[in-house]
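Below is one structure; the comments refer to it alone.
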Amino acid sequence: AVVSTQSTGGKMDTGAVEGVCNLLCSVLSADPLTREPAQQQLFVLQRRPGFCSILNEILLSTNDLTLKHNAVLTLLNTVKNYWETLNHYVIPPDEKQAIRKSLLSFLLRDEPKLISDQISNILSRIILVDFPDQWPDVFGIFSEALVQEANSGNKIRISDTIYQTIRVITSKPDEIPHDDKFSETYRKKKEKLGEVAPAIFGPLSALWISSSKELLSLLHTVTTGSLHSDDMSPTSGILCRLSLRTIRLLFKHYFNFFGEKDINTCVCFFEQIFNTLTLCISCRRALEDNTRTVYYLQSCILNYLKIINVSQEHHTLTFLPVLEPFLNFYYTELKAHLLSTEGFWQKYLIQLLTFFSSLFSKREFTDDEEIFSAFPRRSTNTEVSEKTVRARNVVQTFFTYERKLEMVCLLITRYLHLKPELLQVWKENPEQFVEDELAASQKVNYVVATEDFFYRLLRSDNNLAKDVYRFIMSKLQECSSQDPQKVETVLAKDSCYYAISVGCSALEHHPEIDFREFFMKLCVPEFWSGNPIIQRRLMNVIIGWSGIIAGDGDDEWESLAYSMCLECLTSKDLVLRVYGALAMQSLLETYHSEAPTYLKFFRPFIQSMVSLVSDLSGGSNEVTHNILHTISLVITSVGENVRPYMNDITSCVSGLWVQSLDRPLVLSQIINIMNNLVAVLVGGAAEMEQQLLPIVVFSTNPKKSESVALIDEGLKLWSTLVQQSPFLSPDLLKLFPRVKEIMDANVGDTHIYKECIKIIEAYILIGQSKFIESHTRALLDCLHQALSQKQKNTVIAHTLDTLQTLLLLYPTDGPSLVEGALFEVLHVSSLTKDNVKAKSVFTRSIAILCQVLLDNRPFFFRFMSSLSEDSTVNFIQMVSTKLQPNLIPFQDMHRLISMGLATFLPTTNPTYWPLIVPVIEKCVEIERHLEQDGANLKAFAKDLDIVWGSPAQRTKDKVVKGHSSHNTNSLDFLKQQISTCIQMNGPSMKTHVNTQLSPATMAYIAQPRSVSNRRKEKH
């Protein structure tokens, strides 16, 4: 029986407590017959009032560590699941209040870390839910406890709970959709937390001051030999780190909530940080790397630096009073430090470099508007405050021209230098070297930080470029007189060419710097000297400068660059081959690749690329992705000129496919290559169908888990293959039912559904009646399933476009065929949502129904009458009131809707008479927007990214242009319908129309025919 959790007389039922204890012990049993029933009973008990109180009682009363640990984990899971409502159950409010109070006191007990950490975790989760509505004073309670508590262990637990809670709250994005209730809740939490941030900062800063003093005192005893590092307590280091991490979050997110008094306190805090930081750095240098103390000391140092950077970045002028001492200290450190591969010192240097870089990206520190030309001012106020003037003076006084030049030269000689240990990695594991290099470019590390500071220094003063270029040339000249095989000489050259590649966009503007001359006289001879280190770096030079000189029309430079890339690609050195591929990619993105200069390199380039991918192991996903992407880029750039090399590509890639069956990423990239090849070759599908169909079948099999990563590319290839086919082959026709299988296996996946709908449209356009007769049921099932995705507006919009294509092809028989889908369309049109995507779906659905009305009027009225007697009137009212033609850009749809509404005007049915004036007003509103935006007409054929020039695109274009709405002036059609309506109903209707229509509408209708044709002339 399930253990009772009822309490008696305000006390916990002893039997219930004992029962839960037994269950907690049973769930640890190795016997499943004992363990599984106990787990099931605990799961049931989680949803019973009083269960959390029982767990709390067990925590307070038992000394059994195993039982206590199991109880605290069960309490954590219960809080996770039921502190908020889940499956219609939530822990009662009075029980919540008791639990909060008990956990606060339990947090201050001397418990094993295994238990106290989980208590802190539980409290943090409770605060995330209850603050601020149910527990508004929680941070005040914790701040007061920090001040009053004397026990260091308790302070650690309190600080950790505060940090974990603030970290989660501040991790939510600032820009949150207002219609998302969950996100709106976190927006409120963030705002309320900001209001109490200054009150939290006070106790935290006091805690940091006391713990940092204690830490420095202990470190002094260690460095003097009075105390062994292993005997040093980590408590002060932990407290110092926790307080700093929390303060950093407060400064980053809530500094604007600090008042003037609090800001003055912060300035004093910055001054104390500066003094403490210098002492900590001295201690760190004196300590051995493997001591236990080092970890906490390093963490504190990095947090000091991060607080400084955050404060300088987000609150520049507040940080101003301590800016100068930090500049001098950082500058000294930058000059003293040679780059180390040891993790901490690299992180330390990153923070220094980041600090310096940010000085050149803040308006408070510079008045050079050229730097900010790409970033418009947030405010139109151009007045400069007194503090801003002082800040600029401090920076300009510190960064003299001579100091800037010195720092640039320092970066070139020390920091843009390929380290010997990296050369060793290149030698022993070249693939790992490349993987690390490419990964480094995607995240902040010392390489990225150095490049950024180097670039910003060069941009800060136009005169620097000339002197830096001279420095580089002098270093290269100096190297030319030394032994070219000596490692030091090679690395010195490497750093010079590295500087040239990084600083290209800053150096290019100086009139005295001729890059073409530099490249021809120095880079080309240096490259053909054959040193792989220099050759790799010269690939960086090509990558950096290709876009800058692309507009010069220099065929000689282009040809040389291609030759150098191909030389690297055919090298035995894997690193050189990869960098050759990357440089080739840069050139392809810059130049028109169909030029004869490039085409002569095409065949060896493709062969070398495929060979390179074959030689890479399965681990180099980033490298492989870049190389295969380059092959795709080549094919897209060359276009129809790729036809003579089609067999070379397919044979190379087919061999790679066989080798890569266990590498899903490689397979998906191969499919992408084949997809691009089919897309650029008109008629290429017929020539390659037998080779490509097995790939499509393999990659789109929903029953194979290994095909999940391939299905996206496989669907794209399938779609392109059908679009580019002149006719539907038996094999392609037989494959269609798989579309429904894929949709069934991926319900809710918007991207997969969009690709499936593209395939369906391609089948309709290419297969036409043969396809529809063979797969009527499967086609209708697919359309129904896609239209049933009510929450996926993008899916519905694409499905409606495909349905419209079918109705354009078969205007007479099509409506009867898809009558079930039309019911779905009518239902979709009745859904009301106030967002752009939903309004787009509404417009499409109305356009389809109006198209049916224009093409098959008897079917439309029979279809509407099958719903209800008033359905047609309701439809007209809905369109007249809901349609907003100014929001949706699809103009052909608006023309259809205007003509469809106008069709209702010639009527003698009194039921429709009250609708005549609203219909005319809506039609004229549509016509006004059509006339205003006529030049921006959006073609149907591009709605689903149909391959341009393909048989599918040509068929659709022909059908669209052949439809009556395309060749009829909708305004003239409206005038004719109004005239017919008046003729049918006599003078009374004319009087009614003339008196009820607005003057603007009357004037628009009365304009001469020649004016109404202007829109058609624009088209």
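If you're wondering about the labels, chains in the structure tokens are A, B, ... by order shown, residues count from 1 in each chain, ligands from 1 in order shown.
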Which polymer residues have any atom within 10 Å of an atom of region 740-745 of chain A, counting only C-alpha atoms, with same-chain residues fewer than 6 positions away left out, as a list of chain:residue names?
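In the requested format, the answer is A:Thr700, A:Asn701, A:Pro702, A:Lys703, A:Ile711, A:Leu715, A:Ile752, A:Tyr753, A:Cys756, A:Ile757, A:Ala778, A:Leu779, A:Asp781, A:Cys782, A:Leu783, A:Gln785, A:Ala786.
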All alpha helix (DSSP H) residues (DSSP, backbone) inside region 893-937 of chain A, as an NGL selection string:
:A and (893-903 or 913-932)
Measuring atom to atom with only C-alpha atoms, identify which of A:Leu915, A:Ile263, A:Ile772, A:Cys300 is nearest to Leu997 (chain A).
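Comparing A:Leu915, A:Ile263, A:Ile772, A:Cys300 against Leu997 (chain A), the winner is A:Leu915.
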Give me, as a PyMOL selection string, all polymer residues having an atom no more than 9 Å from region 983-994 of chain A, counting only C-alpha atoms and skipping those fewer than 2 positions away in the same chain.
chain A and resi 906-908+913+916-917+978-981+996-999+1002
I'd like to know which of A:Cys850, A:Val524, A:Tyr254, A:Ser233 is closest to Ser217 (chain A), using only C-alpha atoms.
A:Ser233
